[in-house]
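*Asks:* So that we are looking at the same thing, I have put the structure below in structure tokens.
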Amino acid sequence: LLRLDRKLLPDEPEEGTALLEQLSRDLGFLLKQRMPADGSVPEALRGRPGLMDYSLLIGLVPRDTPGGLCRLDVNDSRTYSSPIIPAESWRIEAEPKTALIGVIDVLQFWTPAKCIARTLKRAAGMELDEDWEYHGEMLDTLQPAPYKQRFHRFVQEVFVQGSWVDSLFRLNDGDWSKVLEKHISQLPFEQGKEAERRRQYQSCGRRLGRQHKTI
């Protein structure tokens, strides 16, 4: 999605909203799950409530293709940039498709083994971004509640119009310093340059603000 600056815009906004609401309920159900309390799992290995390690699967097919339990008619939208055109005038092209959507993967609890795995990944420097800054949120081994929040916020942006340049900004609460270099590098070339420009602009503004306060 990021590499093509691609979004899936629902034909009917109400259906898109209903899908996200259902997804939120499904993720809430996963968050409430607990390991069996019948003694089949040793107490030392029992995990906290909540399942994690799920992923979003989206298949795009021509309209009127049968099948799929969760379907949504969308416009498969791509943003095309140019070095001579400002970001607000980038060209958007869309093609009608049907999205078949599901949540898949090997669901797991936050067990002591998962906690150890996160510690080992941090010790191995796996939370280092491509600019050698530390970003603990980039690790995929994350406790169920923040995992759910991060997953749901990302899925919401998939179905919102516009470039992923704007989405990365929103996903990081309007703070470009939190945006991963790893994510910026996945954008098309011109979109990546625009993201870097905005990050530098915000950083310069903050430095000027701090200098003004010290005067």
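Residue numbering restarts at 1 for every chain of the structure tokens, chains are lettered A, B, ... in their displayed order, and ligands are numbered from 1 as they appear.
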Leaving out A:Leu2 and any residue of its chain fewer than 2 positions from it, which residues lie within 12 Å of it when counting only C-alpha atoms, given as a list in words?

*Replies:*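 Here the answer would be Leu4, Asp5, Arg6, Lys7, Ser77, Arg78, Thr79, Phe154, Glu157, Val158, Gly162, Ser163, Trp164, Val165, Asp166, Ser167, Leu168, Lys182, His183, Ile184, Ser185, Gln186, Leu187, Pro188, Phe189, Gln191 and Gly192 of chain A.
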
*Asks:* Neighbouring residues of A:Tyr54 were defined as those with any atom within 10 Å, considering only C-alpha atoms; residues of the same chain fewer than 3 positions away were excluded. Please report them as a list in words.

*Replies:* Leu27, Leu30, Leu51, Leu57, Val103, Ile104, Asp105, Val106, Leu107, Gln108, Tyr147, Lys148 and Phe151 of chain A

*Asks:* Quick one: pick out all helix (DSSP H, G or I) residues within stretch 53-180 of chain A from a backbone DSSP run and write them as a PyMOL selection string.

*Replies:* chain A and resi 87-89+112-123+136-138+144-158+164-171+176-178

*Asks:* Would you kindly return, as an NGL selection string, each protein, DNA or RNA residue with an atom no farther than 9 Å from any atom of A:Lys97, considering only C-alpha atoms and excluding same-chain residues fewer than 3 positions away?

*Replies:* :A and (8 or 60-64 or 72-76)
